[in-house]
Amino acid sequence: MWDDVLRSRPRDLLRVEKAADILRAKAENKIGLIYGFQNAAMMGKDASRVATFAGLGVRVIQLTYNPRNQLGDGSMVAENHGLTDFGREVVAQLNDHRVMVDLSHSGQNTCLDAARVSKAPISINHTGCRALCDLPRNKTDEELKLVASKGGFVGIYFMPYLKSDGHPHAEDVVAHIDHAVNVCGENCVGIGTDGSVTPIDDMDIYKAALAKEVADRAKAGIGATGERADTYPFVIDLRGVDQFRKLECRRKAMGYTEARIEKIMGKNFIRFATEIWG
C-alpha cells in the first residue's frame, strides 16, 4: 500500500533505505518515509523472514510491543524474562541484513539481552527515562547506558509517560532529554516523538475518539500503564509544525550549544542510521 502511495506522489515523498536518503529528502523538500514494524510477531517461527522484509524495504524492526511475543517480553510483562532463543536468531538476522534493532516497548531484560547479543548498535527509538517517571514504558539508566555504550541511539518521545500525572509539558520533554544526555552522552540522544506533528483541530471530537482507542487497546491487552482516556499521545504545548522550534528555544535557554542541539535534533540519528544502513 505504501509503495503505491510513494509511486503516486513522487514530487512529495521519498522512501528511505540509506541514511543519505534522509538528507536527500531534506535537500529536495520531500517527506522521507522509513518502513518499520512496531512488533516482530510477523516473524512467526522463521527468522529468515527478516531477509524477505528487508528486501521489501523495511529498515526498522521493533522486537516486541507491550505484551510478550515469541522473541521476548514486552514492557507490560511482569515476569520480565528477556530475549528468547528465537529472539536471538532474529537479532542475528537483523544484523546480517542491516535492519535497525529497536527495543522501544520492550521489557527491561529483553532490552539488555538484545544490546548484549547484537553485533551492531541497537536503538530505543521512542522512550522516556524511568529515573524521572517510574513507568514501565520508560527505560532504566542501566538500559540507556548499555545501549549508548554500544554506539546506539535513544529517542525521547512526546508521550504521557514522561510525567506521573499523564500530562507532560515541554519542560518535561527537556528534562528527559537532559537526563538521557547525562546518562548516554550527547552523541546518542535524539527525538522519537511516537506521534504526529499535526495539531488537533477539534479537541472534543478527538477526546471521544481517543477514549475509544484507549478502551480498545486495554480490551486487546496491548495498552500500557499510564495511558488513560484523559491522557494524550502528544505534549500539550508541543503541537503543530513549530513544535521543534519551541523545543530548540527551550534548550538554548538551558545553555545547550548549537552543536549539541543539532545532534539531538537529527544528527545523532543520521550518525546511527549511517552505521546500520550505510
# chains A, B, ... in the order shown; residues from 1 in each chain; ligands from 1
>>> residues_around(residues="A:Glu28", least_positions_apart="5", cutoff="12 Å", atoms="only C-alpha atoms", output="ChimeraX atom specification")
/A:10-14,21-23
>>> write_last_selection(atoms="all heavy atoms", output="mmCIF file, in the first residue's frame")
data_model
loop_
_atom_site.group_PDB
_atom_site.id
_atom_site.type_symbol
_atom_site.label_atom_id
_atom_site.label_comp_id
_atom_site.auth_asym_id
_atom_site.auth_seq_id
_atom_site.Cartn_x
_atom_site.Cartn_y
_atom_site.Cartn_z
ATOM 1 N N PRO A 10 5.512 11.157 -6.309
ATOM 2 C CA PRO A 10 6.982 11.221 -6.403
ATOM 3 C C PRO A 10 7.551 12.613 -6.139
ATOM 4 O O PRO A 10 8.722 12.730 -5.772
ATOM 5 C CB PRO A 10 7.261 10.772 -7.841
ATOM 6 C CG PRO A 10 6.002 11.095 -8.586
ATOM 7 C CD PRO A 10 4.896 10.849 -7.616
ATOM 8 N N ARG A 11 6.753 13.649 -6.313
ATOM 9 C CA ARG A 11 7.245 15.004 -6.047
ATOM 10 C C ARG A 11 7.316 15.309 -4.558
ATOM 11 O O ARG A 11 8.018 16.234 -4.148
ATOM 12 C CB ARG A 11 6.345 16.041 -6.723
ATOM 13 C CG ARG A 11 6.331 15.975 -8.248
ATOM 14 C CD ARG A 11 5.447 17.073 -8.802
ATOM 15 N NE ARG A 11 5.346 17.019 -10.252
ATOM 16 C CZ ARG A 11 4.620 17.870 -10.991
ATOM 17 N NH1 ARG A 11 3.933 18.840 -10.383
ATOM 18 N NH2 ARG A 11 4.566 17.741 -12.299
ATOM 19 N N ASP A 12 6.562 14.553 -3.787
ATOM 20 C CA ASP A 12 6.423 14.868 -2.360
ATOM 21 C C ASP A 12 7.099 13.864 -1.434
ATOM 22 O O ASP A 12 7.506 14.217 -0.329
ATOM 23 C CB ASP A 12 4.939 14.933 -1.981
ATOM 24 C CG ASP A 12 4.164 15.917 -2.825
ATOM 25 O OD1 ASP A 12 4.646 17.046 -2.992
ATOM 26 O OD2 ASP A 12 3.083 15.539 -3.321
ATOM 27 N N LEU A 13 7.177 12.597 -1.873
ATOM 28 C CA LEU A 13 7.587 11.522 -0.975
ATOM 29 C C LEU A 13 8.807 10.782 -1.509
ATOM 30 O O LEU A 13 8.996 10.656 -2.716
ATOM 31 C CB LEU A 13 6.441 10.513 -0.781
ATOM 32 C CG LEU A 13 5.102 11.081 -0.309
ATOM 33 C CD1 LEU A 13 4.052 9.980 -0.269
ATOM 34 C CD2 LEU A 13 5.229 11.741 1.055
ATOM 35 N N LEU A 14 9.601 10.257 -0.568
ATOM 36 C CA LEU A 14 10.807 9.523 -0.928
ATOM 37 C C LEU A 14 10.994 8.406 0.089
ATOM 38 O O LEU A 14 10.941 8.645 1.298
ATOM 39 C CB LEU A 14 12.011 10.472 -0.927
ATOM 40 C CG LEU A 14 13.386 9.975 -1.357
ATOM 41 C CD1 LEU A 14 14.214 11.155 -1.889
ATOM 42 C CD2 LEU A 14 14.139 9.329 -0.198
ATOM 43 N N ASP A 21 19.473 9.000 2.116
ATOM 44 C CA ASP A 21 18.132 9.312 1.609
ATOM 45 C C ASP A 21 17.420 10.330 2.494
ATOM 46 O O ASP A 21 16.568 11.096 2.023
ATOM 47 C CB ASP A 21 17.295 8.043 1.499
ATOM 48 C CG ASP A 21 17.816 7.082 0.447
ATOM 49 O OD1 ASP A 21 18.414 7.558 -0.542
ATOM 50 O OD2 ASP A 21 17.618 5.868 0.612
ATOM 51 N N ILE A 22 17.734 10.328 3.791
ATOM 52 C CA ILE A 22 17.143 11.329 4.691
ATOM 53 C C ILE A 22 17.625 12.721 4.298
ATOM 54 O O ILE A 22 16.837 13.677 4.204
ATOM 55 C CB ILE A 22 17.503 11.021 6.157
ATOM 56 C CG1 ILE A 22 16.950 9.660 6.582
ATOM 57 C CG2 ILE A 22 16.972 12.119 7.087
ATOM 58 C CD1 ILE A 22 17.372 9.218 7.971
ATOM 59 N N LEU A 23 18.920 12.831 4.048
ATOM 60 C CA LEU A 23 19.491 14.116 3.643
ATOM 61 C C LEU A 23 18.994 14.525 2.261
ATOM 62 O O LEU A 23 18.763 15.701 1.993
ATOM 63 C CB LEU A 23 21.020 14.027 3.657
ATOM 64 C CG LEU A 23 21.638 13.633 5.007
ATOM 65 C CD1 LEU A 23 23.154 13.532 4.884
ATOM 66 C CD2 LEU A 23 21.252 14.635 6.087
#
>>> residues_around(residues="stretch 167-177 of chain A", least_positions_apart="3", cutoff="9 Å", atoms="only C-alpha atoms", output="number ranges by chain")
A: 128-129, 132, 155-164, 180-182, 189-191, 230-232, 234-238, 246-247, 250-251, 264
>>> write_last_selection(atoms="N, CA and C atoms", output="mmCIF file, in the first residue's frame")
data_model
loop_
_atom_site.group_PDB
_atom_site.id
_atom_site.type_symbol
_atom_site.label_atom_id
_atom_site.label_comp_id
_atom_site.auth_asym_id
_atom_site.auth_seq_id
_atom_site.Cartn_x
_atom_site.Cartn_y
_atom_site.Cartn_z
ATOM 1 N N GLY A 128 11.098 7.234 27.318
ATOM 2 C CA GLY A 128 11.421 8.241 28.313
ATOM 3 C C GLY A 128 12.379 7.631 29.317
ATOM 4 N N CYS A 129 12.690 8.364 30.372
ATOM 5 C CA CYS A 129 13.672 7.919 31.371
ATOM 6 C C CYS A 129 12.965 7.476 32.650
ATOM 7 N N LEU A 132 13.130 9.468 35.931
ATOM 8 C CA LEU A 132 12.311 10.671 36.115
ATOM 9 C C LEU A 132 10.832 10.353 36.258
ATOM 10 N N GLY A 155 15.815 7.756 21.427
ATOM 11 C CA GLY A 155 14.924 8.860 21.070
ATOM 12 C C GLY A 155 13.916 9.127 22.180
ATOM 13 N N ILE A 156 13.807 10.367 22.606
ATOM 14 C CA ILE A 156 12.860 10.737 23.665
ATOM 15 C C ILE A 156 11.516 11.099 23.036
ATOM 16 N N TYR A 157 10.444 10.512 23.591
ATOM 17 C CA TYR A 157 9.128 10.728 22.979
ATOM 18 C C TYR A 157 8.353 11.874 23.622
ATOM 19 N N PHE A 158 7.219 12.221 22.987
ATOM 20 C CA PHE A 158 6.301 13.260 23.469
ATOM 21 C C PHE A 158 5.028 12.550 23.956
ATOM 22 N N MET A 159 5.161 11.709 24.956
ATOM 23 C CA MET A 159 4.063 10.845 25.367
ATOM 24 C C MET A 159 3.705 11.063 26.840
ATOM 25 N N PRO A 160 2.513 10.589 27.263
ATOM 26 C CA PRO A 160 2.069 10.839 28.645
ATOM 27 C C PRO A 160 2.962 10.198 29.695
ATOM 28 N N TYR A 161 3.783 9.211 29.310
ATOM 29 C CA TYR A 161 4.630 8.503 30.267
ATOM 30 C C TYR A 161 5.798 9.348 30.776
ATOM 31 N N LEU A 162 5.932 10.566 30.279
ATOM 32 C CA LEU A 162 7.006 11.441 30.745
ATOM 33 C C LEU A 162 6.722 12.027 32.121
ATOM 34 N N LYS A 163 5.466 11.954 32.558
ATOM 35 C CA LYS A 163 5.086 12.588 33.825
ATOM 36 C C LYS A 163 4.060 11.713 34.520
ATOM 37 N N SER A 164 4.152 11.609 35.834
ATOM 38 C CA SER A 164 3.311 10.664 36.579
ATOM 39 C C SER A 164 1.823 10.964 36.465
ATOM 40 N N ALA A 180 18.768 11.914 29.726
ATOM 41 C CA ALA A 180 19.316 10.933 28.789
ATOM 42 C C ALA A 180 20.713 11.340 28.328
ATOM 43 N N VAL A 181 20.907 12.631 28.072
ATOM 44 C CA VAL A 181 22.232 13.117 27.668
ATOM 45 C C VAL A 181 23.243 12.901 28.795
ATOM 46 N N ASN A 182 22.827 13.150 30.030
ATOM 47 C CA ASN A 182 23.733 12.950 31.168
ATOM 48 C C ASN A 182 24.117 11.479 31.327
ATOM 49 N N VAL A 189 21.654 10.634 21.795
ATOM 50 C CA VAL A 189 20.285 11.005 22.172
ATOM 51 C C VAL A 189 19.658 11.881 21.101
ATOM 52 N N GLY A 190 18.376 11.629 20.836
ATOM 53 C CA GLY A 190 17.652 12.446 19.869
ATOM 54 C C GLY A 190 16.171 12.490 20.191
ATOM 55 N N ILE A 191 15.363 12.735 19.173
ATOM 56 C CA ILE A 191 13.914 12.855 19.315
ATOM 57 C C ILE A 191 13.253 11.650 18.658
ATOM 58 N N ASP A 230 -7.993 10.273 29.486
ATOM 59 C CA ASP A 230 -7.734 11.710 29.614
ATOM 60 C C ASP A 230 -6.265 12.061 29.366
ATOM 61 N N THR A 231 -5.462 11.110 28.860
ATOM 62 C CA THR A 231 -4.065 11.414 28.517
ATOM 63 C C THR A 231 -3.930 11.420 26.997
ATOM 64 N N TYR A 232 -3.016 12.258 26.506
ATOM 65 C CA TYR A 232 -2.872 12.422 25.062
ATOM 66 C C TYR A 232 -1.548 11.834 24.580
ATOM 67 N N PHE A 234 0.621 13.033 22.871
ATOM 68 C CA PHE A 234 1.438 14.188 22.482
ATOM 69 C C PHE A 234 1.595 15.074 23.709
ATOM 70 N N VAL A 235 2.473 16.044 23.608
ATOM 71 C CA VAL A 235 2.673 17.016 24.693
ATOM 72 C C VAL A 235 1.863 18.255 24.353
ATOM 73 N N ILE A 236 1.053 18.687 25.290
ATOM 74 C CA ILE A 236 0.013 19.673 25.002
ATOM 75 C C ILE A 236 0.566 20.980 24.433
ATOM 76 N N ASP A 237 1.758 21.409 24.873
ATOM 77 C CA ASP A 237 2.300 22.665 24.361
ATOM 78 C C ASP A 237 3.425 22.440 23.348
ATOM 79 N N LEU A 238 3.512 21.235 22.807
ATOM 80 C CA LEU A 238 4.418 20.960 21.692
ATOM 81 C C LEU A 238 3.616 20.280 20.587
ATOM 82 N N LYS A 246 10.116 25.409 19.128
ATOM 83 C CA LYS A 246 9.856 25.682 20.546
ATOM 84 C C LYS A 246 10.820 24.889 21.432
ATOM 85 N N LEU A 247 11.013 23.625 21.075
ATOM 86 C CA LEU A 247 11.906 22.772 21.848
ATOM 87 C C LEU A 247 13.338 23.290 21.779
ATOM 88 N N ARG A 250 13.872 26.265 24.057
ATOM 89 C CA ARG A 250 13.968 25.884 25.466
ATOM 90 C C ARG A 250 15.356 25.352 25.801
ATOM 91 N N ARG A 251 15.942 24.591 24.883
ATOM 92 C CA ARG A 251 17.265 24.051 25.153
ATOM 93 C C ARG A 251 18.340 25.138 25.073
ATOM 94 N N ILE A 264 21.019 16.506 18.770
ATOM 95 C CA ILE A 264 19.768 15.988 19.317
ATOM 96 C C ILE A 264 18.630 16.105 18.310
#
>>> residues_around(residues="A:Leu112", least_positions_apart="6", cutoff="8 Å", atoms="only C-alpha atoms", output="ChimeraX atom specification")
/A:82,143,146
>>> write_last_selection(atoms="C-alpha atoms", output="PDB file, in the first residue's frame")
ATOM      1  CA  GLY A  82      14.092 -11.279  28.449  1.00  0.00           C
ATOM      2  CA  GLU A 143      19.321   0.138  29.658  1.00  0.00           C
ATOM      3  CA  LEU A 146      24.276  -0.053  27.821  1.00  0.00           C
TER       4      LEU A 146
END
>>> closest_residue(among="A:Val58, A:Leu83, A:Met43, A:Ala224", to="A:Arg137", atoms="only C-alpha atoms")
A:Ala224
>>> select_by_dssp(residues="stretch 137-190 of chain A", states="helix (DSSP H, G or I)", output="MDAnalysis selection string")
chainID A and resid 141:149 160:162 170:184
